[in-house]
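Trainee: Enclosed is the structure file my_file.cif (mmCIF, C-alpha atoms (C1' of nucleotides)).
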data_data
loop_
_atom_site.label_atom_id
_atom_site.label_comp_id
_atom_site.auth_asym_id
_atom_site.auth_seq_id
_atom_site.Cartn_x
_atom_site.Cartn_y
_atom_site.Cartn_z
CA MET U 1 5.40 23.13 13.24
CA THR U 2 6.98 23.59 9.83
CA ALA U 3 8.12 21.28 7.08
CA ALA U 4 11.40 19.92 8.38
CA ARG U 5 11.88 17.66 5.43
CA ARG U 6 11.03 17.70 1.80
CA PRO U 7 9.37 14.75 0.10
CA GLY U 8 11.77 11.91 -0.28
CA GLU U 9 14.04 12.82 2.61
CA ARG U 10 14.11 10.32 5.44
CA ALA U 11 13.60 10.70 9.11
CA GLY U 12 15.28 7.48 10.14
CA LEU U 13 12.23 6.02 11.79
CA THR U 14 12.11 2.50 13.09
CA ARG U 15 9.28 0.30 14.08
CA ALA U 16 10.84 0.18 17.51
CA ALA U 17 11.11 3.95 17.64
CA VAL U 18 7.46 4.31 16.75
CA LEU U 19 6.48 1.86 19.45
CA ALA U 20 8.61 3.65 22.00
CA ALA U 21 7.16 7.02 21.11
CA ALA U 22 3.68 5.57 21.40
CA ARG U 23 4.45 4.28 24.85
CA ASP U 24 5.81 7.63 25.94
CA LEU U 25 2.85 9.46 24.53
CA LEU U 26 0.54 7.12 26.35
CA ALA U 27 2.35 7.53 29.62
CA GLU U 28 2.44 11.30 29.38
CA SER U 29 -0.90 12.24 27.96
CA GLY U 30 -3.11 9.22 28.41
CA LEU U 31 -5.15 7.01 26.22
CA GLY U 32 -7.17 9.67 24.45
CA SER U 33 -4.02 11.29 23.15
CA LEU U 34 -2.70 8.22 21.44
CA THR U 35 -3.42 9.36 17.94
CA MET U 36 -1.61 8.61 14.76
CA ARG U 37 -1.31 12.31 14.18
CA ALA U 38 -0.05 13.07 17.66
CA LEU U 39 2.41 10.24 17.36
CA ALA U 40 3.63 11.59 14.04
CA ARG U 41 3.92 15.08 15.50
CA ARG U 42 6.04 13.77 18.32
CA LEU U 43 8.31 12.01 15.88
CA ASP U 44 8.36 15.10 13.69
CA VAL U 45 6.99 13.26 10.76
CA ALA U 46 3.94 13.32 8.54
CA PRO U 47 1.09 11.14 9.86
CA ASN U 48 1.20 8.66 7.03
CA ALA U 49 4.90 8.09 7.49
CA LEU U 50 3.95 5.82 10.34
CA TYR U 51 2.32 3.43 7.94
CA SER U 52 5.71 2.50 6.58
CA HIS U 53 6.44 0.87 9.91
CA VAL U 54 3.07 -0.15 11.26
CA PRO U 55 0.21 -1.57 9.20
CA ALA U 56 -2.55 0.02 11.27
CA LYS U 57 -3.20 1.60 14.60
CA ALA U 58 -4.75 -1.56 15.97
CA ALA U 59 -1.57 -3.47 15.22
CA LEU U 60 0.43 -0.81 16.99
CA VAL U 61 -1.79 -1.10 20.03
CA ASP U 62 -1.54 -4.87 19.97
CA ASP U 63 2.21 -4.62 19.96
CA LEU U 64 2.10 -2.20 22.84
CA LEU U 65 -0.10 -4.48 24.87
CA ASP U 66 1.99 -7.50 24.25
CA GLU U 67 5.22 -5.68 24.89
CA VAL U 68 4.08 -4.78 28.37
CA LEU U 69 3.45 -8.41 29.19
CA ALA U 70 7.13 -9.07 28.72
CA GLU U 71 7.60 -7.54 32.16
CA VAL U 72 5.52 -10.21 33.83
CA ASP U 73 7.55 -12.57 35.95
CA ASP U 74 6.52 -16.13 35.15
CA SER U 75 9.20 -17.88 37.13
CA GLY U 76 7.05 -18.52 40.18
CA ASP U 77 3.87 -20.39 40.83
CA LEU U 78 0.44 -19.56 39.47
CA TYR U 79 -0.40 -17.18 42.26
CA GLU U 80 2.82 -15.26 41.82
CA LEU U 81 2.42 -15.12 38.07
CA LEU U 82 -0.99 -13.56 38.36
CA VAL U 83 0.03 -11.13 41.05
CA SER U 84 2.92 -10.08 38.84
CA THR U 85 0.52 -9.64 35.94
CA TYR U 86 -1.71 -7.51 38.09
CA GLU U 87 1.19 -5.35 39.15
CA VAL U 88 2.45 -4.94 35.62
CA LEU U 89 -0.99 -3.93 34.47
CA LEU U 90 -1.26 -1.37 37.24
CA ALA U 91 2.11 0.01 36.27
CA HIS U 92 0.66 0.72 32.85
CA ALA U 93 -2.74 1.89 33.88
CA GLU U 94 -3.46 3.77 30.67
CA LEU U 95 -3.25 0.54 28.72
CA VAL U 96 -5.74 -1.41 30.76
CA PRO U 97 -8.82 -0.11 28.96
CA LEU U 98 -7.21 -1.26 25.75
CA TYR U 99 -6.79 -4.76 27.10
CA LEU U 100 -10.48 -4.73 27.77
CA ALA U 101 -11.32 -3.34 24.38
CA ARG U 102 -9.20 -5.88 22.53
CA GLN U 103 -9.96 -8.75 24.90
CA GLY U 104 -6.43 -9.29 26.06
CA ALA U 105 -3.20 -9.37 24.15
CA ARG U 106 -2.38 -11.63 21.25
CA GLY U 107 1.34 -11.48 20.73
CA PRO U 108 4.13 -13.84 21.68
CA HIS U 109 4.42 -12.71 25.27
CA ALA U 110 0.74 -13.29 25.86
CA ALA U 111 1.13 -16.71 24.33
CA ARG U 112 4.06 -17.45 26.57
CA LEU U 113 2.09 -16.50 29.66
CA GLY U 114 -0.85 -18.56 28.48
CA ASP U 115 1.34 -21.61 28.02
CA THR U 116 3.01 -21.12 31.34
CA MET U 117 -0.35 -20.91 33.03
CA LEU U 118 -1.41 -24.21 31.52
CA ARG U 119 1.82 -25.82 32.62
CA LEU U 120 1.47 -24.55 36.17
CA LEU U 121 -2.11 -25.74 36.27
CA ALA U 122 -1.02 -29.15 35.04
CA ASP U 123 1.60 -29.23 37.78
CA GLN U 124 -1.14 -29.16 40.33
CA GLY U 125 -3.23 -31.71 38.52
CA VAL U 126 -5.54 -29.48 36.53
CA ARG U 127 -5.62 -30.50 32.89
CA GLY U 128 -7.62 -30.48 29.71
CA GLU U 129 -10.92 -28.72 29.54
CA ARG U 130 -10.83 -27.80 33.18
CA ALA U 131 -7.44 -26.18 32.82
CA LEU U 132 -8.70 -24.02 29.96
CA ASP U 133 -11.69 -23.04 32.07
CA ALA U 134 -9.49 -22.17 34.99
CA ARG U 135 -7.17 -20.11 32.88
CA ARG U 136 -10.08 -18.20 31.47
CA VAL U 137 -11.43 -17.47 34.93
CA LEU U 138 -8.07 -16.31 36.18
CA ILE U 139 -7.39 -14.04 33.21
CA VAL U 140 -10.83 -12.50 33.41
CA PHE U 141 -10.44 -11.91 37.08
CA THR U 142 -7.00 -10.38 36.81
CA ILE U 143 -7.64 -8.05 33.92
CA GLY U 144 -11.03 -7.12 35.26
CA PHE U 145 -9.64 -6.26 38.63
CA ALA U 146 -6.85 -4.26 37.13
CA ALA U 147 -9.45 -2.30 35.23
CA PHE U 148 -11.25 -1.59 38.45
CA ALA U 149 -8.11 -0.53 40.16
CA THR U 150 -6.94 1.82 37.45
CA HIS U 151 -10.15 3.70 36.82
CA PRO U 152 -12.90 5.50 38.64
CA PRO U 153 -14.95 2.52 39.81
CA LEU U 154 -18.69 2.50 39.44
CA GLU U 155 -19.19 1.87 43.15
CA PRO U 156 -22.85 2.74 43.44
CA GLY U 157 -22.66 5.20 46.27
CA ALA U 158 -19.27 4.75 47.81
CA ASP U 159 -17.29 7.95 48.15
CA VAL U 160 -14.03 6.82 49.64
CA PRO U 161 -11.60 6.59 46.72
CA LEU U 162 -10.32 3.16 47.84
CA SER U 163 -6.58 2.93 48.12
CA VAL U 164 -4.31 1.03 45.83
CA GLY U 165 -3.23 -1.14 48.71
CA ALA U 166 -6.76 -2.01 49.69
CA LEU U 167 -7.58 -2.99 46.14
CA PHE U 168 -4.45 -5.07 45.95
CA ASP U 169 -5.45 -6.95 49.07
CA ASN U 170 -8.88 -7.38 47.63
CA PHE U 171 -7.38 -8.78 44.46
CA THR U 172 -5.13 -11.27 46.18
CA ARG U 173 -7.93 -12.44 48.41
CA GLY U 174 -10.22 -13.12 45.47
CA LEU U 175 -7.37 -14.77 43.66
CA ARG U 176 -6.77 -17.15 46.55
CA TRP U 177 -10.43 -18.05 46.64
CA LEU U 178 -10.34 -18.89 42.99
CA LEU U 179 -7.14 -20.86 43.17
CA ALA U 180 -8.44 -22.83 46.08
CA GLY U 181 -11.62 -23.62 44.19
CA ILE U 182 -9.78 -24.58 41.03
CA GLY U 183 -7.55 -26.97 42.92
CA SER U 184 -10.77 -28.53 44.14
CA MET I 1 -32.93 9.31 1.34
CA THR I 2 -34.18 12.80 0.66
CA ALA I 3 -35.24 15.75 2.79
CA ALA I 4 -38.56 14.63 4.19
CA ARG I 5 -38.98 17.75 6.22
CA ARG I 6 -38.17 21.37 5.87
CA PRO I 7 -36.55 23.33 8.68
CA GLY I 8 -39.02 23.94 11.44
CA GLU I 9 -41.18 20.89 10.84
CA ARG I 10 -41.17 18.25 13.55
CA ALA I 11 -40.56 14.57 13.41
CA GLY I 12 -42.19 13.72 16.71
CA LEU I 13 -39.08 12.28 18.27
CA THR I 14 -38.94 11.23 21.90
CA ARG I 15 -36.05 10.43 24.13
CA ALA I 16 -37.57 6.99 24.50
CA ALA I 17 -37.90 6.62 20.74
CA VAL I 18 -34.26 7.52 20.28
CA LEU I 19 -33.22 5.01 22.90
CA ALA I 20 -35.34 2.31 21.32
CA ALA I 21 -33.95 2.99 17.88
CA ALA I 22 -30.45 2.85 19.30
CA ARG I 23 -31.17 -0.53 20.83
CA ASP I 24 -32.56 -1.86 17.58
CA LEU I 25 -29.64 -0.54 15.63
CA LEU I 26 -27.26 -2.17 18.05
CA ALA I 27 -29.06 -5.49 17.89
CA GLU I 28 -29.21 -5.51 14.12
CA SER I 29 -25.89 -4.13 13.04
CA GLY I 30 -23.63 -4.34 16.04
CA LEU I 31 -21.57 -1.97 18.08
CA GLY I 32 -19.62 -0.36 15.29
CA SER I 33 -22.80 0.78 13.63
CA LEU I 34 -24.09 2.71 16.59
CA THR I 35 -23.43 6.12 15.19
CA MET I 36 -25.25 9.34 15.73
CA ARG I 37 -25.62 9.64 12.02
CA ALA I 38 -26.84 6.10 11.50
CA LEU I 39 -29.28 6.57 14.34
CA ALA I 40 -30.54 9.77 12.77
CA ARG I 41 -30.86 8.07 9.42
CA ARG I 42 -32.93 5.31 10.92
CA LEU I 43 -35.22 7.85 12.55
CA ASP I 44 -35.30 9.82 9.31
CA VAL I 45 -33.94 12.89 10.95
CA ALA I 46 -30.92 15.14 10.71
CA PRO I 47 -28.03 14.01 12.93
CA ASN I 48 -28.14 16.98 15.24
CA ALA I 49 -31.86 16.53 15.85
CA LEU I 50 -30.84 13.83 18.29
CA TYR I 51 -29.21 16.42 20.48
CA SER I 52 -32.60 17.80 21.36
CA HIS I 53 -33.27 14.59 23.24
CA VAL I 54 -29.87 13.35 24.31
CA PRO I 55 -27.02 15.54 25.56
CA ALA I 56 -24.27 13.40 24.07
CA LYS I 57 -23.58 9.98 22.70
CA ALA I 58 -21.99 8.83 25.94
CA ALA I 59 -25.17 9.67 27.82
CA LEU I 60 -27.18 7.72 25.31
CA VAL I 61 -24.93 4.74 25.78
CA ASP I 62 -25.13 5.04 29.54
CA ASP I 63 -28.89 4.99 29.35
CA LEU I 64 -28.79 1.96 27.12
CA LEU I 65 -26.56 0.11 29.50
CA ASP I 66 -28.63 0.91 32.52
CA GLU I 67 -31.88 0.13 30.77
CA VAL I 68 -30.75 -3.39 30.08
CA LEU I 69 -30.07 -3.97 33.75
CA ALA I 70 -33.76 -3.49 34.42
CA GLU I 71 -34.21 -7.01 33.12
CA VAL I 72 -32.10 -8.51 35.86
CA ASP I 73 -34.10 -10.49 38.38
CA ASP I 74 -33.01 -9.45 41.85
CA SER I 75 -35.67 -11.32 43.78
CA GLY I 76 -33.51 -14.32 44.58
CA ASP I 77 -30.29 -14.82 46.44
CA LEU I 78 -26.90 -13.51 45.48
CA TYR I 79 -26.06 -16.46 43.28
CA GLU I 80 -29.29 -16.14 41.38
CA LEU I 81 -28.92 -12.42 40.99
CA LEU I 82 -25.52 -12.79 39.41
CA VAL I 83 -26.57 -15.63 37.17
CA SER I 84 -29.47 -13.50 36.03
CA THR I 85 -27.10 -10.63 35.38
CA TYR I 86 -24.88 -12.90 33.36
CA GLU I 87 -27.81 -14.10 31.29
CA VAL I 88 -29.08 -10.62 30.69
CA LEU I 89 -25.66 -9.51 29.56
CA LEU I 90 -25.40 -12.44 27.19
CA ALA I 91 -28.79 -11.57 25.79
CA HIS I 92 -27.35 -8.20 24.86
CA ALA I 93 -23.97 -9.27 23.69
CA GLU I 94 -23.29 -6.19 21.62
CA LEU I 95 -23.47 -4.05 24.71
CA VAL I 96 -20.95 -5.93 26.76
CA PRO I 97 -17.89 -4.20 25.31
CA LEU I 98 -19.50 -0.95 26.27
CA TYR I 99 -19.88 -2.08 29.85
CA LEU I 100 -16.17 -2.72 29.82
CA ALA I 101 -15.36 0.58 28.19
CA ARG I 102 -17.45 2.60 30.61
CA GLN I 103 -16.68 0.43 33.63
CA GLY I 104 -20.20 -0.74 34.26
CA ALA I 105 -23.44 1.15 34.31
CA ARG I 106 -24.25 4.18 36.37
CA GLY I 107 -27.99 4.66 36.24
CA PRO I 108 -30.74 3.85 38.70
CA HIS I 109 -31.00 0.19 37.81
CA ALA I 110 -27.32 -0.32 38.36
CA ALA I 111 -27.69 1.43 41.69
CA ARG I 112 -30.59 -0.78 42.63
CA LEU I 113 -28.62 -3.92 41.84
CA GLY I 114 -25.67 -2.59 43.78
CA ASP I 115 -27.82 -1.95 46.81
CA THR I 116 -29.49 -5.32 46.56
CA MET I 117 -26.12 -7.00 46.42
CA LEU I 118 -25.03 -5.29 49.59
CA ARG I 119 -28.23 -6.30 51.32
CA LEU I 120 -27.88 -9.90 50.26
CA LEU I 121 -24.29 -9.92 51.42
CA ALA I 122 -25.34 -8.48 54.76
CA ASP I 123 -27.95 -11.22 55.04
CA GLN I 124 -25.20 -13.76 55.10
CA GLY I 125 -23.09 -11.79 57.50
CA VAL I 126 -20.80 -9.93 55.13
CA ARG I 127 -20.75 -6.22 55.91
CA GLY I 128 -18.74 -3.05 55.69
CA GLU I 129 -15.47 -2.98 53.84
CA ARG I 130 -15.54 -6.66 53.17
CA ALA I 131 -18.96 -6.42 51.57
CA LEU I 132 -17.75 -3.71 49.21
CA ASP I 133 -14.76 -5.84 48.34
CA ALA I 134 -16.95 -8.83 47.70
CA ARG I 135 -19.32 -6.87 45.53
CA ARG I 136 -16.43 -5.57 43.49
CA VAL I 137 -15.06 -9.05 42.96
CA LEU I 138 -18.41 -10.39 41.92
CA ILE I 139 -19.15 -7.59 39.49
CA VAL I 140 -15.75 -7.84 37.90
CA PHE I 141 -16.09 -11.55 37.57
CA THR I 142 -19.55 -11.41 36.07
CA ILE I 143 -18.97 -8.66 33.55
CA GLY I 144 -15.59 -10.04 32.66
CA PHE I 145 -16.94 -13.46 32.03
CA ALA I 146 -19.78 -12.11 29.98
CA ALA I 147 -17.22 -10.32 27.88
CA PHE I 148 -15.39 -13.56 27.33
CA ALA I 149 -18.53 -15.37 26.43
CA THR I 150 -19.73 -12.82 23.94
CA HIS I 151 -16.57 -12.27 21.97
CA PRO I 152 -13.82 -14.15 20.22
CA PRO I 153 -11.71 -15.11 23.21
CA LEU I 154 -7.97 -14.65 23.16
CA GLU I 155 -7.41 -18.33 24.01
CA PRO I 156 -3.74 -18.63 23.11
CA GLY I 157 -3.95 -21.61 20.84
CA ALA I 158 -7.30 -23.22 21.49
CA ASP I 159 -9.33 -23.79 18.37
CA VAL I 160 -12.56 -25.27 19.66
CA PRO I 161 -15.06 -22.39 19.74
CA LEU I 162 -16.29 -23.27 23.23
CA SER I 163 -20.04 -23.58 23.53
CA VAL I 164 -22.30 -21.15 25.30
CA GLY I 165 -23.34 -23.89 27.66
CA ALA I 166 -19.78 -24.78 28.55
CA LEU I 167 -18.99 -21.17 29.28
CA PHE I 168 -22.09 -20.87 31.38
CA ASP I 169 -21.07 -23.86 33.45
CA ASN I 170 -17.63 -22.37 33.76
CA PHE I 171 -19.14 -19.14 34.96
CA THR I 172 -21.36 -20.71 37.58
CA ARG I 173 -18.52 -22.84 38.85
CA GLY I 174 -16.27 -19.86 39.32
CA LEU I 175 -19.11 -17.96 40.87
CA ARG I 176 -19.67 -20.68 43.43
CA TRP I 177 -15.99 -20.70 44.30
CA LEU I 178 -16.09 -17.01 44.90
CA LEU I 179 -19.27 -17.08 46.92
CA ALA I 180 -17.92 -19.86 49.06
CA GLY I 181 -14.76 -17.91 49.68
CA ILE I 182 -16.58 -14.71 50.47
CA GLY I 183 -18.78 -16.46 52.99
CA SER I 184 -15.53 -17.53 54.61
"C1'" DT X 1 -54.06 35.92 19.64
"C1'" DC X 2 -49.57 36.40 20.31
"C1'" DG X 3 -44.94 35.48 22.14
"C1'" DT X 4 -41.87 32.15 23.65
"C1'" DT X 5 -39.70 28.03 23.41
"C1'" DA X 6 -38.55 23.49 21.87
"C1'" DG X 7 -37.74 20.59 17.85
"C1'" DC X 8 -36.13 20.56 13.82
"C1'" DT X 9 -32.85 21.47 9.21
"C1'" DG X 10 -28.72 23.18 6.99
"C1'" DT X 11 -24.23 23.94 7.31
"C1'" DA X 12 -19.93 23.67 9.19
"C1'" DC X 13 -15.77 22.51 12.11
"C1'" DA X 14 -12.27 19.86 14.08
"C1'" DT X 15 -10.51 15.41 14.36
"C1'" DC X 16 -9.78 10.83 13.30
"C1'" DG X 17 -7.59 6.63 10.56
"C1'" DT X 18 -5.94 5.74 6.23
"C1'" DC X 19 -5.12 5.76 1.00
"C1'" DC X 20 -2.92 7.52 -3.36
"C1'" DA X 21 0.50 9.76 -5.95
"C1'" DG X 22 4.45 11.64 -6.14
"C1'" DT X 23 9.75 12.43 -4.71
"C1'" DT X 24 13.94 11.13 -2.93
"C1'" DT X 25 17.20 8.26 -0.81
"C1'" DA X 26 19.47 3.80 0.55
"C1'" DG X 27 20.96 -0.50 -0.78
"C1'" DC X 28 21.73 -4.11 -3.98
"C1'" DT X 29 23.36 -5.78 -8.50
"C1'" DG X 30 26.46 -5.90 -12.14
"C1'" DC A 1 31.51 2.74 -9.69
"C1'" DA A 2 26.86 3.11 -12.41
"C1'" DG A 3 22.17 1.92 -12.43
"C1'" DC A 4 17.94 0.12 -10.73
"C1'" DT A 5 14.71 -1.17 -7.49
"C1'" DA A 6 12.38 -0.80 -3.33
"C1'" DA A 7 11.53 1.53 0.77
"C1'" DA A 8 10.83 5.89 3.42
"C1'" DC A 9 8.96 9.90 3.26
"C1'" DT A 10 5.73 14.41 2.05
"C1'" DG A 11 1.53 16.55 0.31
"C1'" DG A 12 -2.97 16.25 -0.20
"C1'" DA A 13 -7.15 14.10 0.05
"C1'" DC A 14 -11.31 11.12 1.37
"C1'" DG A 15 -14.82 9.54 4.16
"C1'" DA A 16 -15.94 8.96 8.61
"C1'" DT A 17 -17.02 10.63 13.35
"C1'" DG A 18 -19.19 13.70 17.29
"C1'" DT A 19 -21.04 17.99 17.88
"C1'" DA A 20 -21.77 23.40 17.77
"C1'" DC A 21 -24.16 27.42 15.62
"C1'" DA A 22 -27.74 29.76 13.30
"C1'" DG A 23 -32.06 29.92 11.38
"C1'" DC A 24 -36.91 28.39 10.58
"C1'" DT A 25 -41.41 26.90 12.28
"C1'" DA A 26 -44.94 24.39 14.71
"C1'" DA A 27 -46.80 23.76 19.29
"C1'" DC A 28 -48.12 25.63 23.57
"C1'" DG A 29 -48.98 28.83 27.60
"C1'" DA A 30 -50.71 33.50 28.66
#
Would you give me this structure, written as structure tokens?

Mentor:
Amino acid sequence: MTAARRPGERAGLTRAAVLAAARDLLAESGLGSLTMRALARRLDVAPNALYSHVPAKAALVDDLLDEVLAEVDDSGDLYELLVSTYEVLLAHAELVPLYLARQGARGPHAARLGDTMLRLLADQGVRGERALDARRVLIVFTIGFAAFATHPPLEPGADVPLSVGALFDNFTRGLRWLLAGIGS
Amino acid sequence: MTAARRPGERAGLTRAAVLAAARDLLAESGLGSLTMRALARRLDVAPNALYSHVPAKAALVDDLLDEVLAEVDDSGDLYELLVSTYEVLLAHAELVPLYLARQGARGPHAARLGDTMLRLLADQGVRGERALDARRVLIVFTIGFAAFATHPPLEPGADVPLSVGALFDNFTRGLRWLLAGIGS
DNA sequence: TCGTTAGCTGTACATCGTCCAGTTTAGCTG
DNA sequence: CAGCTAAACTGGACGATGTACAGCTAACGA
């Protein structure tokens, strides 16, 4: 809570360190606490110091979102890829609202997953326009469901909290319906 | 841009008037411009005057979201209800991100739609837990797709903007897949 | 007619993301 | 090794935001 450094002295920050601290902060204190100032405090640094490593908060968030997608296993079939995505999203529940807010991720890992999805769709004969449509449907469904699973659902009247397992089953069931339909 | 009133004088505000102004503001200038202060400016009133009619911004937004759902036609079958919902959401594109952020609407109209959905599901033999699951899937799908349709999609690499009509077809196709699957 | 209350204004607070101007250090060049 | 440039910081500030508090006053019920 005091000045640990005088102007000009360095703290040895790294872009990676900032990202890591952001992830920790998010995991510990939730979405509302992810603040440039809080992040700086945690790194024992003045708030603007962060801007030497990150151009803006939105970029930081984008990196965070994309980074998480690196955990997705894309070595299986389409169904497995999406189930893995769902699980990864649930494992980072605090981030899910941000995926919604920013309409998905944009970085290289997201691109990789997007490409893989198209390839897997092509493998089962879905190509071109229809493949793009299918991918869109599947992404919407997966992220949307993750959002439902990670936050107090609207559920007009239901009181039972709805277990994680039940929601997972619900997700996979809907996913199978969709995949069946897409495959015609 | 000056003080049109002295302390104590009234402006004749109404909760309804505030809501209406908020809707107009949203339609004209978009989501980022929906600010208590901008709203007050448009009503020619001090910012805090709004708090005599609305407890907080979040409540205002919730009202807005629910209000829009009044336009949904729930006199048809499940398919028609959801298509109507999709169309209504598209007609209020600026609001869609807010539906995502707040996980749907919570007011009486949302409740009505939720109840109607359960009834329509029951009509075709889907009840209990499975009906709740189905409703969840359908809501996620509909809101999620509306979000895709109303905002620059992530589309990892696609450059064609994707017409409203194409997205609508995509939506109805996915919807039919889901409904078919739900009906077993 | 008077008192109470509800609808205002004015002012202010805490918080946010981010910019500008300095200061110092690290790293490269010669 | 000397010198210079560029990058990493601090300090302070700006313009937002949502919202609380206190006062004034017009409208309304008794």

Trainee: Can you turn the PyMOL selection byres ((chain X) within 12 of (chain U)) into a concrete residue list for this file, as a list in words?

Mentor: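 Answer for the PyMOL selection byres ((chain X) within 12 of (chain U)): DT15, DC16, DG17, DT18, DC19, DC20, DA21, DG22, DT23, DT24, DT25 and DA26 of chain X.
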
Trainee: Can you list what the PyMOL selection byres ((chain X and resi 14) around 12) grabs from this structure, as a list in words?

Mentor: DA12, DC13, DT15 and DC16 of chain X; DT17, DG18, DT19 and DA20 of chain A

Trainee: List the neighbours of X:DT4 out to 12 Å using all atoms listed in the file; skip same-chain residues closer than 5 positions along the sequence, and give me the result as an NGL selection string.

Mentor: :A and (27-30)

Trainee: Selected by the PyMOL selection byres ((chain A) within 7 of (chain I)) in the shown coordinates: which residues, as a PyMOL selection string?

Mentor: chain A and resi 24-26

Trainee: Based on the selection just made, write C-alpha atoms (C1' of nucleotides) of those residues as a short mmCIF file (atom, residue, chain, number, x, y, z; two decimals), keeping the file's coordinate frame.

Mentor:
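Final output, saved to out.cif:
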data_model
loop_
_atom_site.label_atom_id
_atom_site.label_comp_id
_atom_site.auth_asym_id
_atom_site.auth_seq_id
_atom_site.Cartn_x
_atom_site.Cartn_y
_atom_site.Cartn_z
"C1'" DC A 24 -36.91 28.39 10.58
"C1'" DT A 25 -41.41 26.90 12.28
"C1'" DA A 26 -44.94 24.39 14.71
#

Trainee: Considering all atoms listed in the file, give me a table of residues in chain U that are at most 7 Å from chain I, with the closest atom pair and distance in Å for each, as a tab-separated table.

Mentor:
residue	atom	partner	partner_atom	distance
U:Pro97	CA	I:Ala101	CA	6.6
U:Leu100	CA	I:Leu100	CA	6.4
U:Ala101	CA	I:Pro97	CA	6.7
U:Gln103	CA	I:Leu154	CA	6.5
U:Gly104	CA	I:Leu154	CA	6.3
U:Arg106	CA	I:Leu154	CA	6.6
U:Ala111	CA	I:Pro156	CA	5.4
U:Gly114	CA	I:Pro156	CA	6.1
U:Asp133	CA	I:Asn170	CA	6.2
U:Val137	CA	I:Gly174	CA	7.0
U:Val140	CA	I:Gly144	CA	5.4
U:Phe141	CA	I:Phe141	CA	5.7
U:Gly144	CA	I:Val140	CA	5.5
U:Phe145	CA	I:Val140	CA	6.4
U:Pro153	CA	I:Gln103	CA	6.7
U:Leu154	CA	I:Gly104	CA	6.3
U:Pro156	CA	I:Ala111	CA	5.3
U:Asn170	CA	I:Asp133	CA	6.1
U:Gly174	CA	I:Val137	CA	6.8
U:Trp177	CA	I:Gly181	CA	5.3
U:Leu178	CA	I:Trp177	CA	6.1
U:Gly181	CA	I:Trp177	CA	5.3

Trainee: What is the distance, in Å and to one decimal place, between atom CA of U:Leu31 and atom CA of U:Glu94?

Mentor: 5.8 Å

Trainee: In Å, how far is it from atom CA of I:Ala22 to atom CA of I:Leu95?

Mentor: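 Interatomic distance, atom CA of I:Ala22 to atom CA of I:Leu95: 11.2 Å.
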
Trainee: Report, in Å with one decimal, the straight-line distance from atom CA of U:Leu78 to atom CA of I:Leu82.

Mentor: 26.8 Å

Trainee: Do you know which residues are at most 8 Å from stretch 39-46 of chain I counting all atoms listed in the file, after dropping those on the same chain fewer than 3 positions away, and could you put them as a ChimeraX atom specification?

Mentor: /I:4,11,18,21-22,25,34-36,49-50 /X:9

Trainee: Just C-alpha atoms (C1' of nucleotides) for this one: save the residues we selected as a compact mmCIF listing (two decimals), in the coordinates of the input.

Mentor:
# COMPACT_ATOMS: atom_id res chain seq x y z
CA ALA I 4 -38.56 14.63 4.19
CA ALA I 11 -40.56 14.57 13.41
CA VAL I 18 -34.26 7.52 20.28
CA ALA I 21 -33.95 2.99 17.88
CA ALA I 22 -30.45 2.85 19.30
CA LEU I 25 -29.64 -0.54 15.63
CA LEU I 34 -24.09 2.71 16.59
CA THR I 35 -23.43 6.12 15.19
CA MET I 36 -25.25 9.34 15.73
CA ALA I 49 -31.86 16.53 15.85
CA LEU I 50 -30.84 13.83 18.29
C1' DT X 9 -32.85 21.47 9.21

Trainee: Limit the output to N, CA and C atoms and give stretch 40-48 of chain U as a JSON list (two decimals), in the first residue's frame.

Mentor:
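That gives us out.json:
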[["chain", "number", "residue", "atom", "x", "y", "z"],
["U", 40, "ALA", "N", -3.26, -4.27, -11.27],
["U", 40, "ALA", "CA", -2.03, -3.55, -10.96],
["U", 40, "ALA", "C", -1.66, -3.73, -9.48],
["U", 41, "ARG", "N", -2.66, -3.65, -8.63],
["U", 41, "ARG", "CA", -2.43, -3.79, -7.20],
["U", 41, "ARG", "C", -1.82, -5.16, -6.91],
["U", 42, "ARG", "N", -2.38, -6.15, -7.54],
["U", 42, "ARG", "CA", -1.90, -7.51, -7.33],
["U", 42, "ARG", "C", -0.48, -7.69, -7.81],
["U", 43, "LEU", "N", -0.12, -6.97, -8.82],
["U", 43, "LEU", "CA", 1.23, -7.06, -9.36],
["U", 43, "LEU", "C", 2.16, -6.04, -8.71],
["U", 44, "ASP", "N", 1.59, -5.30, -7.79],
["U", 44, "ASP", "CA", 2.33, -4.27, -7.05],
["U", 44, "ASP", "C", 2.96, -3.26, -8.00],
["U", 45, "VAL", "N", 2.08, -2.64, -8.72],
["U", 45, "VAL", "CA", 2.50, -1.80, -9.83],
["U", 45, "VAL", "C", 1.46, -0.71, -10.01],
["U", 46, "ALA", "N", 1.85, 0.41, -10.57],
["U", 46, "ALA", "CA", 0.86, 1.45, -10.85],
["U", 46, "ALA", "C", -0.05, 0.99, -11.99],
["U", 47, "PRO", "N", -1.31, 1.41, -11.96],
["U", 47, "PRO", "CA", -2.29, 0.93, -12.94],
["U", 47, "PRO", "C", -1.83, 1.09, -14.38],
["U", 48, "ASN", "N", -1.25, 2.21, -14.70],
["U", 48, "ASN", "CA", -0.87, 2.45, -16.09],
["U", 48, "ASN", "C", 0.32, 1.63, -16.53]]
